[in-house]
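Novice: File target-v2.tsv below, TSV, C-alpha atoms:
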chain	number	residue	atom	x	y	z
A	15	MET	CA	47.85	205.16	-30.43
A	16	SER	CA	48.91	205.94	-26.86
A	17	SER	CA	50.88	209.06	-26.04
A	18	THR	CA	54.52	208.97	-25.01
A	19	TYR	CA	56.30	211.49	-22.81
A	20	ARG	CA	59.79	212.92	-22.68
A	21	CYS	CA	61.53	215.26	-20.23
A	22	ALA	CA	63.89	218.06	-21.23
A	23	THR	CA	65.96	220.14	-18.80
A	24	ALA	CA	67.43	223.63	-18.68
A	25	VAL	CA	69.86	225.20	-16.23
A	26	SER	CA	70.18	228.70	-17.70
A	27	LEU	CA	68.10	231.37	-19.40
A	28	SER	CA	69.55	230.58	-22.83
A	29	GLU	CA	68.48	226.93	-22.46
A	30	VAL	CA	64.97	227.99	-21.33
A	31	GLU	CA	64.30	230.29	-24.29
A	32	PRO	CA	63.39	227.53	-26.82
A	33	HIS	CA	60.58	226.43	-24.49
A	34	LEU	CA	59.06	229.90	-23.81
A	35	THR	CA	56.31	229.85	-26.46
A	36	ALA	CA	55.04	226.44	-25.33
A	37	TRP	CA	55.38	227.53	-21.70
A	38	HIS	CA	53.19	230.61	-22.23
A	39	ASP	CA	50.59	228.36	-23.88
A	40	LEU	CA	50.71	225.88	-20.97
A	41	ALA	CA	50.04	228.71	-18.50
A	42	THR	CA	46.61	229.20	-20.12
A	43	ARG	CA	45.83	225.46	-19.76
A	44	ALA	CA	47.24	224.95	-16.28
A	45	LEU	CA	45.44	223.03	-13.55
A	46	GLU	CA	46.08	225.97	-11.23
A	47	ASP	CA	47.19	229.57	-11.70
A	48	ASN	CA	50.78	229.99	-10.51
A	49	PHE	CA	52.39	233.35	-11.21
A	50	TYR	CA	55.61	232.21	-9.50
A	51	LEU	CA	56.07	229.54	-12.16
A	52	SER	CA	55.16	231.74	-15.10
A	53	PRO	CA	57.83	232.05	-17.81
A	54	ASP	CA	58.23	235.78	-17.14
A	55	PHE	CA	58.85	235.23	-13.43
A	56	ILE	CA	61.32	232.35	-13.81
A	57	SER	CA	63.13	234.16	-16.65
A	58	ALA	CA	63.60	237.20	-14.38
A	59	VAL	CA	64.90	234.93	-11.60
A	60	LEU	CA	67.42	233.26	-13.92
A	61	ARG	CA	68.48	236.60	-15.36
A	62	ARG	CA	69.04	238.46	-12.10
A	63	TYR	CA	69.91	235.99	-9.36
A	64	VAL	CA	73.07	233.93	-9.31
A	65	THR	CA	73.08	231.61	-6.31
A	66	LYS	CA	75.15	228.71	-5.03
A	67	ASN	CA	72.08	226.48	-5.51
A	68	ARG	CA	72.06	225.34	-9.14
A	69	ALA	CA	68.77	225.93	-10.93
A	70	LEU	CA	67.09	223.09	-12.81
A	71	ILE	CA	63.97	223.56	-14.96
A	72	VAL	CA	62.25	220.35	-16.12
A	73	PHE	CA	59.89	220.36	-19.11
A	74	VAL	CA	57.56	217.42	-19.74
A	75	TYR	CA	56.36	217.00	-23.35
A	76	ARG	CA	53.59	214.71	-24.58
A	77	ILE	CA	54.20	213.22	-28.00
A	78	ASP	CA	51.21	212.29	-30.22
A	79	ASP	CA	51.96	211.25	-33.81
A	80	GLN	CA	55.32	213.06	-33.63
A	81	VAL	CA	53.60	216.26	-32.47
A	82	GLU	CA	54.86	217.54	-29.12
A	83	SER	CA	52.93	219.61	-26.59
A	84	LEU	CA	54.21	220.87	-23.26
A	85	VAL	CA	52.17	219.42	-20.37
A	86	ALA	CA	54.26	220.21	-17.27
A	87	VAL	CA	57.00	222.53	-16.04
A	88	ALA	CA	58.81	222.17	-12.72
A	89	SER	CA	61.42	224.54	-11.35
A	90	PHE	CA	64.01	223.35	-8.81
A	91	SER	CA	67.21	224.23	-7.05
A	92	LEU	CA	69.69	221.58	-5.92
A	93	ARG	CA	70.96	222.01	-2.38
A	94	ARG	CA	73.94	220.23	-0.94
A	95	SER	CA	73.71	218.23	2.27
A	96	ASN	CA	74.43	220.04	5.54
A	97	TRP	CA	74.02	219.47	9.28
A	98	ARG	CA	70.31	220.31	9.12
A	99	MET	CA	69.59	218.20	6.04
A	100	PRO	CA	72.11	215.32	5.74
A	101	LEU	CA	71.06	214.51	2.16
A	102	PRO	CA	71.36	216.48	-1.09
A	103	VAL	CA	67.86	217.83	-1.74
A	104	LEU	CA	66.07	218.88	-4.91
A	105	CYS	CA	63.82	221.71	-3.75
A	106	GLY	CA	60.95	223.27	-5.59
A	107	MET	CA	62.59	226.57	-6.49
A	108	ILE	CA	61.96	229.34	-4.00
A	109	SER	CA	63.38	232.59	-5.30
A	110	PRO	CA	63.75	235.57	-2.94
A	111	HIS	CA	60.28	236.66	-4.08
A	112	GLY	CA	58.52	233.40	-5.04
A	113	PHE	CA	56.03	231.72	-2.73
A	114	LEU	CA	54.59	228.70	-4.58
A	115	SER	CA	57.04	226.00	-5.58
A	116	HIS	CA	54.93	223.19	-7.06
A	117	PRO	CA	54.91	222.29	-10.79
A	118	LEU	CA	52.69	223.76	-13.47
A	119	VAL	CA	50.66	220.98	-15.13
A	120	ASP	CA	48.10	220.74	-17.92
A	121	ARG	CA	44.60	220.42	-16.42
A	122	GLN	CA	43.56	217.87	-19.07
A	123	ASP	CA	46.63	215.69	-18.69
A	124	ALA	CA	47.64	216.25	-15.06
A	125	SER	CA	47.93	212.63	-13.89
A	126	ALA	CA	49.94	211.36	-16.85
A	127	ALA	CA	52.16	214.47	-16.79
A	128	LEU	CA	52.87	213.99	-13.09
A	129	GLN	CA	53.61	210.30	-13.65
A	130	ALA	CA	56.17	211.16	-16.33
A	131	LEU	CA	57.70	213.90	-14.17
A	132	ASN	CA	57.93	211.65	-11.10
A	133	GLU	CA	59.50	208.81	-13.06
A	134	TRP	CA	62.19	211.16	-14.33
A	135	LEU	CA	62.81	212.77	-10.91
A	136	LEU	CA	63.11	209.38	-9.19
A	137	ARG	CA	65.72	207.92	-11.49
A	138	PRO	CA	68.54	206.50	-9.31
A	139	GLU	CA	71.32	208.08	-11.38
A	140	HIS	CA	70.37	211.62	-10.28
A	141	PRO	CA	72.53	213.21	-7.54
A	142	TRP	CA	69.68	214.21	-5.21
A	143	ARG	CA	68.42	211.89	-2.49
A	144	LEU	CA	65.27	213.77	-1.46
A	145	ILE	CA	62.69	215.97	-3.18
A	146	PHE	CA	61.00	218.78	-1.25
A	147	PHE	CA	58.15	221.10	-2.22
A	148	TYR	CA	57.66	224.06	0.11
A	149	GLY	CA	54.31	225.81	0.29
A	150	ILE	CA	51.58	223.78	-1.40
A	151	SER	CA	48.07	224.83	-0.45
A	152	GLU	CA	46.01	221.91	0.83
A	153	THR	CA	43.03	223.34	-1.09
A	154	SER	CA	45.02	223.32	-4.31
A	155	PRO	CA	43.70	220.90	-6.98
A	156	PHE	CA	47.33	219.95	-7.59
A	157	PHE	CA	47.94	218.63	-4.05
A	158	PRO	CA	45.57	215.58	-4.11
A	159	ARG	CA	46.63	214.76	-7.70
A	160	LEU	CA	50.27	214.58	-6.67
A	161	GLN	CA	49.52	212.55	-3.53
A	162	ALA	CA	47.38	210.10	-5.51
A	163	GLU	CA	50.08	209.67	-8.16
A	164	LEU	CA	52.81	209.10	-5.56
A	165	THR	CA	50.61	206.55	-3.80
A	166	ARG	CA	49.90	204.76	-7.08
A	167	GLN	CA	53.62	204.61	-7.85
A	168	LYS	CA	54.28	203.36	-4.30
A	169	VAL	CA	56.60	206.26	-3.53
A	170	ARG	CA	57.14	207.13	0.12
A	171	PHE	CA	56.25	210.72	0.99
A	172	LEU	CA	55.42	212.88	4.00
A	173	SER	CA	53.38	216.06	4.18
A	174	LYS	CA	53.74	218.56	7.00
A	175	PRO	CA	51.57	221.61	7.80
A	176	MET	CA	53.81	224.67	7.49
A	177	PHE	CA	51.78	227.86	8.03
A	178	LEU	CA	48.51	229.60	7.19
A	179	ARG	CA	48.35	231.92	4.19
A	180	PRO	CA	45.81	234.72	3.63
A	181	MET	CA	43.60	234.25	0.58
A	182	LEU	CA	40.87	236.38	-0.98
A	183	HIS	CA	37.79	234.85	-2.58
A	184	ARG	CA	35.40	236.93	-4.61
A	185	HIS	CA	32.30	238.08	-2.76
A	186	GLU	CA	29.03	239.09	-4.37
A	187	ASN	CA	30.32	242.67	-4.45
A	188	PHE	CA	32.62	245.01	-2.53
A	189	ASN	CA	29.91	245.86	0.02
A	190	ALA	CA	29.55	242.14	0.81
A	191	TYR	CA	33.31	242.02	1.37
A	192	LEU	CA	33.12	244.98	3.77
A	193	ALA	CA	30.23	243.35	5.62
A	194	ALA	CA	32.44	240.30	6.27
A	195	LEU	CA	35.00	242.45	8.10
A	196	SER	CA	34.68	243.14	11.80
A	197	SER	CA	32.73	246.27	12.73
A	198	ALA	CA	35.92	247.80	14.16
A	199	ARG	CA	37.75	247.28	10.83
A	200	ARG	CA	34.86	248.80	8.87
A	201	LYS	CA	34.64	251.83	11.15
A	202	ASN	CA	38.39	252.37	11.03
A	203	PHE	CA	38.43	252.18	7.22
A	204	ARG	CA	35.56	254.66	6.83
A	205	ARG	CA	37.02	257.06	9.41
A	206	ARG	CA	40.49	257.06	7.81
A	207	TRP	CA	39.02	257.41	4.33
A	208	GLN	CA	36.92	260.40	5.39
A	209	GLN	CA	39.95	261.99	7.09
A	210	LEU	CA	42.00	261.54	3.92
A	211	GLN	CA	39.26	263.08	1.77
A	212	ALA	CA	39.06	266.03	4.16
A	213	ALA	CA	42.81	266.59	3.73
A	214	GLY	CA	42.57	267.27	-0.01
A	215	SER	CA	41.95	265.74	-3.43
A	216	VAL	CA	42.08	261.92	-3.30
A	217	GLU	CA	42.71	259.83	-6.41
A	218	VAL	CA	42.84	256.04	-6.84
A	219	ILE	CA	44.61	254.84	-9.98
A	220	LEU	CA	44.70	251.28	-11.33
A	221	HIS	CA	47.80	250.57	-13.42
A	222	GLN	CA	47.48	247.51	-15.67
A	223	ASN	CA	50.20	248.64	-18.05
A	224	LEU	CA	52.69	251.51	-18.29
A	225	ALA	CA	50.38	253.91	-20.15
A	226	ARG	CA	50.02	256.30	-17.19
A	227	SER	CA	53.49	255.85	-15.73
A	228	VAL	CA	56.43	254.49	-17.71
A	229	ARG	CA	58.49	254.61	-14.49
A	230	LEU	CA	55.97	252.59	-12.49
A	231	ALA	CA	58.52	250.13	-11.08
A	232	ASP	CA	60.89	252.92	-9.98
A	233	ASP	CA	58.02	254.96	-8.53
A	234	PHE	CA	56.97	252.00	-6.42
A	235	MET	CA	60.51	251.28	-5.24
A	236	GLN	CA	61.09	254.92	-4.34
A	237	LEU	CA	57.91	254.90	-2.24
A	238	GLU	CA	58.84	251.59	-0.58
A	239	ARG	CA	62.28	252.91	0.33
A	240	LEU	CA	60.74	255.75	2.35
A	241	GLY	CA	59.30	253.30	4.90
A	242	TRP	CA	60.69	250.83	7.42
A	243	LYS	CA	61.94	248.48	4.71
A	244	GLY	CA	64.24	251.22	3.48
A	245	MET	CA	65.53	251.79	7.02
A	246	ARG	CA	66.23	248.06	7.44
A	247	GLY	CA	67.78	247.71	4.02
A	248	THR	CA	65.18	245.19	2.79
A	249	ALA	CA	63.41	247.43	0.25
A	250	LEU	CA	63.71	246.37	-3.39
A	251	ALA	CA	65.75	249.47	-4.23
A	252	CYS	CA	68.41	248.62	-1.62
A	253	LYS	CA	69.92	245.83	-3.77
A	254	SER	CA	70.61	246.18	-7.46
A	255	ALA	CA	69.62	242.55	-8.18
A	256	ASP	CA	66.23	243.03	-6.50
A	257	ALA	CA	65.62	246.32	-8.30
A	258	ASP	CA	66.55	244.91	-11.72
A	259	PHE	CA	64.43	241.79	-11.07
A	260	PHE	CA	61.39	243.95	-10.21
A	261	ARG	CA	61.86	246.14	-13.30
A	262	ASP	CA	62.06	243.03	-15.49
A	263	LEU	CA	58.91	241.63	-13.92
A	264	VAL	CA	56.94	244.87	-14.31
A	265	ASN	CA	58.03	245.47	-17.90
A	266	SER	CA	57.33	241.91	-19.10
A	267	ASN	CA	53.86	241.79	-17.51
A	268	ALA	CA	52.94	245.33	-18.55
A	269	ALA	CA	53.16	244.26	-22.20
A	270	THR	CA	50.22	241.89	-21.68
A	271	ASN	CA	48.21	244.08	-19.24
A	272	ARG	CA	48.84	241.71	-16.33
A	273	LEU	CA	49.80	244.40	-13.86
A	274	PHE	CA	47.40	245.32	-11.08
A	275	PHE	CA	49.16	248.19	-9.32
A	276	VAL	CA	46.84	250.37	-7.24
A	277	GLU	CA	48.13	253.84	-6.46
A	278	LEU	CA	46.63	256.16	-3.85
A	279	LYS	CA	47.30	259.88	-4.35
A	280	LEU	CA	46.64	262.90	-2.16
A	281	ASN	CA	46.73	266.29	-3.90
A	282	GLY	CA	48.60	264.70	-6.80
A	283	ARG	CA	51.26	263.08	-4.57
A	284	SER	CA	51.59	259.30	-4.34
A	285	ILE	CA	51.21	258.22	-0.71
A	286	ALA	CA	50.65	254.45	-1.06
A	287	MET	CA	50.78	251.73	-3.68
A	288	THR	CA	50.11	248.00	-3.89
A	289	ALA	CA	52.01	245.92	-6.45
A	290	ASN	CA	50.06	242.91	-7.73
A	291	PHE	CA	50.15	240.69	-10.81
A	292	LEU	CA	47.41	238.83	-12.68
A	293	CYS	CA	47.67	235.20	-13.73
A	294	GLY	CA	44.57	233.59	-15.19
A	295	GLN	CA	41.70	234.24	-12.78
A	296	THR	CA	43.96	234.96	-9.82
A	297	LEU	CA	45.34	238.18	-8.35
A	298	PHE	CA	48.80	237.62	-6.83
A	299	ALA	CA	49.67	240.14	-4.12
A	300	PHE	CA	53.36	241.00	-4.31
A	301	LYS	CA	54.37	244.12	-2.36
A	302	ILE	CA	52.91	247.17	-0.65
A	303	ALA	CA	54.52	250.57	-0.04
A	304	TYR	CA	53.45	253.82	1.61
A	305	ASP	CA	54.85	257.18	2.62
A	306	PRO	CA	55.29	257.23	6.43
A	307	GLN	CA	54.77	261.00	6.40
A	308	PHE	CA	51.05	260.25	5.92
A	309	GLN	CA	50.79	257.30	8.31
A	310	ILE	CA	48.14	259.11	10.37
A	311	TYR	CA	45.72	258.12	7.58
A	312	SER	CA	46.91	254.47	7.40
A	313	PRO	CA	47.53	254.90	3.64
A	314	GLY	CA	48.82	251.34	3.15
A	315	ILE	CA	45.61	249.84	4.54
A	316	LEU	CA	43.48	252.26	2.52
A	317	ALA	CA	45.36	251.28	-0.65
A	318	GLU	CA	44.90	247.59	0.18
A	319	ILE	CA	41.14	247.96	0.64
A	320	GLN	CA	40.90	249.96	-2.58
A	321	THR	CA	42.75	247.08	-4.25
A	322	VAL	CA	40.06	244.69	-2.98
A	323	LYS	CA	37.40	247.08	-4.30
A	324	LEU	CA	38.96	247.12	-7.76
A	325	PHE	CA	39.41	243.33	-7.58
A	326	HIS	CA	35.61	242.98	-7.20
A	327	GLU	CA	35.03	245.45	-10.03
A	328	THR	CA	37.28	243.54	-12.46
A	329	ALA	CA	35.48	240.85	-14.43
A	330	GLY	CA	37.10	237.43	-14.52
A	331	LEU	CA	39.00	237.57	-11.23
A	332	VAL	CA	37.96	234.79	-8.84
A	333	LYS	CA	40.52	234.77	-6.03
A	334	GLY	CA	43.58	236.46	-4.60
A	335	GLU	CA	46.79	234.73	-3.50
A	336	GLY	CA	48.38	236.45	-0.49
A	337	GLY	CA	51.95	235.26	-0.96
A	338	ALA	CA	52.57	235.65	2.79
A	339	THR	CA	52.35	233.83	6.10
A	340	GLY	CA	49.40	234.06	8.48
A	341	ASN	CA	51.25	236.72	10.48
A	342	SER	CA	50.97	239.20	7.62
A	343	TYR	CA	48.82	242.33	7.97
A	344	LEU	CA	46.79	240.86	5.08
A	345	ARG	CA	45.24	238.40	7.53
A	346	SER	CA	43.01	241.17	8.86
A	347	TYR	CA	41.70	242.10	5.41
A	348	TRP	CA	41.99	238.90	3.36
A	349	ARG	CA	39.95	236.72	5.67
A	350	ASP	CA	40.06	233.42	3.75
A	351	MET	CA	42.96	231.33	5.06
A	352	THR	CA	44.54	228.24	3.55
A	353	GLN	CA	46.87	225.74	5.21
A	354	MET	CA	50.19	225.50	3.40
A	355	GLN	CA	51.92	222.12	3.34
A	356	GLY	CA	55.51	221.02	2.89
A	357	LEU	CA	55.90	217.77	0.95
A	358	TYR	CA	58.93	215.45	1.32
A	359	ILE	CA	59.35	212.76	-1.37
A	360	ALA	CA	61.82	209.89	-0.99
A	361	THR	CA	63.94	208.66	-3.88
A	362	PRO	CA	64.68	204.91	-4.37
A	363	HIS	CA	67.96	205.22	-2.43
A	364	ARG	CA	68.04	203.48	0.94
A	365	ARG	CA	69.34	206.57	2.77
A	366	SER	CA	66.37	208.53	1.51
A	367	GLN	CA	63.87	205.90	2.68
A	368	VAL	CA	65.53	205.68	6.12
A	369	TYR	CA	65.61	209.45	6.48
A	370	LEU	CA	61.86	209.76	5.83
A	371	LEU	CA	61.15	207.04	8.39
A	372	PHE	CA	63.34	208.91	10.88
A	373	LEU	CA	61.59	212.21	10.07
A	374	SER	CA	58.17	210.61	10.56
A	375	ALA	CA	59.22	209.21	13.95
A	376	VAL	CA	60.56	212.60	15.08
A	377	TRP	CA	57.31	214.33	14.13
A	378	ARG	CA	55.26	211.75	16.05
A	379	ILE	CA	57.42	212.20	19.17
A	380	LYS	CA	57.06	215.98	18.88
A	381	ASN	CA	53.28	215.69	18.57
A	382	ILE	CA	53.08	213.39	21.61
A	383	PHE	CA	55.27	215.76	23.62
A	384	ARG	CA	53.17	218.74	22.50
A	385	GLN	CA	49.97	216.99	23.58
A	386	ILE	CA	51.44	216.09	26.98
A	387	THR	CA	52.67	219.66	27.44
A	388	HIS	CA	49.28	221.02	26.44
A	389	ARG	CA	47.46	218.74	28.92
A	390	SER	CA	49.95	219.60	31.65
A	391	SER	CA	49.50	223.32	31.07
A	392	LYS	CA	45.71	222.93	31.18
A	393	LEU	CA	46.01	220.93	34.42
A	394	PHE	CA	48.34	223.56	35.86
A	395	CYS	CA	45.89	226.34	34.95
A	396	ALA	CA	43.04	224.37	36.53
A	397	ASN	CA	45.06	223.90	39.73
A	398	VAL	CA	45.92	227.60	39.87
A	399	CYS	CA	42.27	228.53	39.37
A	400	PHE	CA	41.21	226.07	42.09
A	401	ASP	CA	43.87	227.39	44.50
A	402	ASN	CA	42.81	230.98	43.80
A	403	PHE	CA	39.16	230.06	44.25
A	404	TYR	CA	39.95	228.22	47.51
A	405	SER	CA	41.96	231.18	48.83
A	406	LEU	CA	39.17	233.57	47.88
A	407	ASN	CA	36.63	231.42	49.77
A	408	GLU	CA	38.89	231.33	52.83
A	409	THR	CA	39.23	235.13	52.74
A	410	ALA	CA	35.47	235.59	52.38
A	411	LEU	CA	34.85	233.16	55.26
A	412	ALA	CA	37.34	235.04	57.49
A	413	CYS	CA	35.66	238.35	56.71
A	414	CYS	CA	32.28	236.88	57.58
A	415	GLN	CA	33.59	235.60	60.90
A	416	LEU	CA	35.04	239.03	61.73
A	417	THR	CA	31.72	240.65	61.17
Please rewrite the model in this file as structure tokens.
Specialist:
Amino acid sequence: MSSTYRCATAVSLSEVEPHLTAWHDLATRALEDNFYLSPDFISAVLRRYVTKNRALIVFVYRIDDQVESLVAVASFSLRRSNWRMPLPVLCGMISPHGFLSHPLVDRQDASAALQALNEWLLRPEHPWRLIFFYGISETSPFFPRLQAELTRQKVRFLSKPMFLRPMLHRHENFNAYLAALSSARRKNFRRRWQQLQAAGSVEVILHQNLARSVRLADDFMQLERLGWKGMRGTALACKSADADFFRDLVNSNAATNRLFFVELKLNGRSIAMTANFLCGQTLFAFKIAYDPQFQIYSPGILAEIQTVKLFHETAGLVKGEGGATGNSYLRSYWRDMTQMQGLYIATPHRRSQVYLLFLSAVWRIKNIFRQITHRSSKLFCANVCFDNFYSLNETALACCQLT
């Protein structure tokens, strides 16, 4: 007997709660680890952030002999049309602290789950006219599955390179990781580490629960507020919603030992800390904080490298997700980069189809213009070099004639 599928929706935390047990189970069977679509993360988002963009959580259930199992979860926000986007858009939910927006799907039933999800999303009675996923890694196993399913269903879509994101893949050991860094980075790390050790007693603490610090979230936020984020008003502690969200996230993940906070202490005083979370075999980097009073030692970088060391010493971890753009400081220490893609999916409405055709044409014109500009700049540089070379030869010839 073939399986059937049904979609259920939720727009608030109370409507999500009946699905939490099945959602936690799906996270262990997911095609790809995604902390930003874990039930704890989305629950904290729904609990602490009230925005003008209405949240929509879609649950896809497979039904076999009247037994239901959750095979996909997708989190969205509905955005009204504006001058930049003239259509109402259903966006993969991007919370203030979430960096992967694509659905969570069962690895054993990914294609059928995506088919059921797409069929529901593309129903003409829905108010959105475009679907957009921001930040899908092109190396993700989910990305080709979704493209193949959209192609099979003859759905028009466009993908666009967005930015590079730092990633960390497990090396043979920590020494192999250090060997992959530039010699300047290695020397700087060793010099700063030796200077820190000469300044007093150095301690590195890995927090995977709240056993050693019940105020771990507040300790981190207090440290973060001392730095430039506190001065700019962007530290977590500067807004009550951010602070409460972070406390919720730490407390819920501490109960299952999924914290990976690395604290660097000097003479018993915390001088730097990295806040990370575990999901499956992946370490998700979240935030970093340090005390600027000790910046001569580069404590934030030292804490980051100690985090990588502990990552290699922890069995079961395979990769790290940077959760940042290529311009992040992580790029110098997490050397594996991945291209992040934005994916636009048209609905059956004519306006949606026309808009994607228009968008495709605009991108092609931009690429042509960029190529022409690039060639022109290269030709200009060549002409300048030739003119300089010609002038230099004339000067040398004049000097020879004078002598």
Novice: Any idea what's packed within 12 Å of Gly112 of chain A, counting all atoms listed in the file, ignoring anything in its chain fewer than 6 positions away? Could you give it as a list in words?
Specialist: Asn48, Phe49, Tyr50, Leu51, Ser52, Phe55, Ile56, Ala58, Val59, Ser89, Gly106, Tyr148, Gly149, Phe259, Phe298, Ala299, Phe300, Lys301, Glu335, Gly336, Gly337 and Ala338 of chain A
Novice: I'd like the contact shell of Gly214 of chain A - 12 Å cut-off, all atoms listed in the file, skipping same-chain residues fewer than 6 positions apart - returned as number ranges by chain.
Specialist: A: 207-208, 279-283
Novice: Please write the residues from the selection above to a file, keeping C-alpha atoms, as a PDB file, keeping the file's coordinate frame.
Specialist:
ATOM      1  CA  TRP A 207      39.020 257.410   4.330  1.00  0.00           C
ATOM      2  CA  GLN A 208      36.920 260.400   5.390  1.00  0.00           C
ATOM      3  CA  LYS A 279      47.300 259.880  -4.350  1.00  0.00           C
ATOM      4  CA  LEU A 280      46.640 262.900  -2.160  1.00  0.00           C
ATOM      5  CA  ASN A 281      46.730 266.290  -3.900  1.00  0.00           C
ATOM      6  CA  GLY A 282      48.600 264.700  -6.800  1.00  0.00           C
ATOM      7  CA  ARG A 283      51.260 263.080  -4.570  1.00  0.00           C
TER       8      ARG A 283
END
Novice: To one decimal in Å, tell me the separation between atom CA of Asp256 of chain A and atom CA of Leu237 of chain A.
Specialist: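 Separation of atom CA of Asp256 of chain A and atom CA of Leu237 of chain A: 15.1 Å.
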Novice: Would you mind listing what lies within 8 Å of His221 of chain A as a count of residues only, with only C-alpha atoms counted and same-chain residues fewer than 6 positions away left out?
Specialist: 5
Novice: So which residues touch segment 344-349 of chain A within 10 Å, counting only C-alpha atoms, skipping near sequence neighbours fewer than 6 positions away, as a ChimeraX atom specification?
Specialist: /A:178-183,191-192,194-196,199,299,315,318-319,322,334-338
Novice: Between atom CA of Ile302 of chain A and atom CA of Thr288 of chain A, what is the distance in Å, rounded to a tenth?
Specialist: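 Interatomic distance, atom CA of Ile302 of chain A to atom CA of Thr288 of chain A: 4.4 Å.
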Novice: Please, what distance in Å, to one decimal, runs between atom CA of Phe383 of chain A and atom CA of Pro175 of chain A?
Specialist: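 Distance reported for this atom pair: 17.3 Å.
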Novice: So that I can check the surroundings of Arg93 of chain A, please list as a ChimeraX atom specification every protein, DNA and RNA residue that reaches within 10 Å of it, counting only C-alpha atoms and ignoring chain neighbours fewer than 4 positions away.
Specialist: /A:66-69,99,101-105,142
Novice: Restricting the calculation to all atoms listed in the file: of A:Leu371, A:Val30, A:Ile150, A:Cys252, which residue gets closest to Met354 of chain A?
Specialist: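 Comparing A:Leu371, A:Val30, A:Ile150, A:Cys252 against Met354 of chain A, the winner is A:Ile150.
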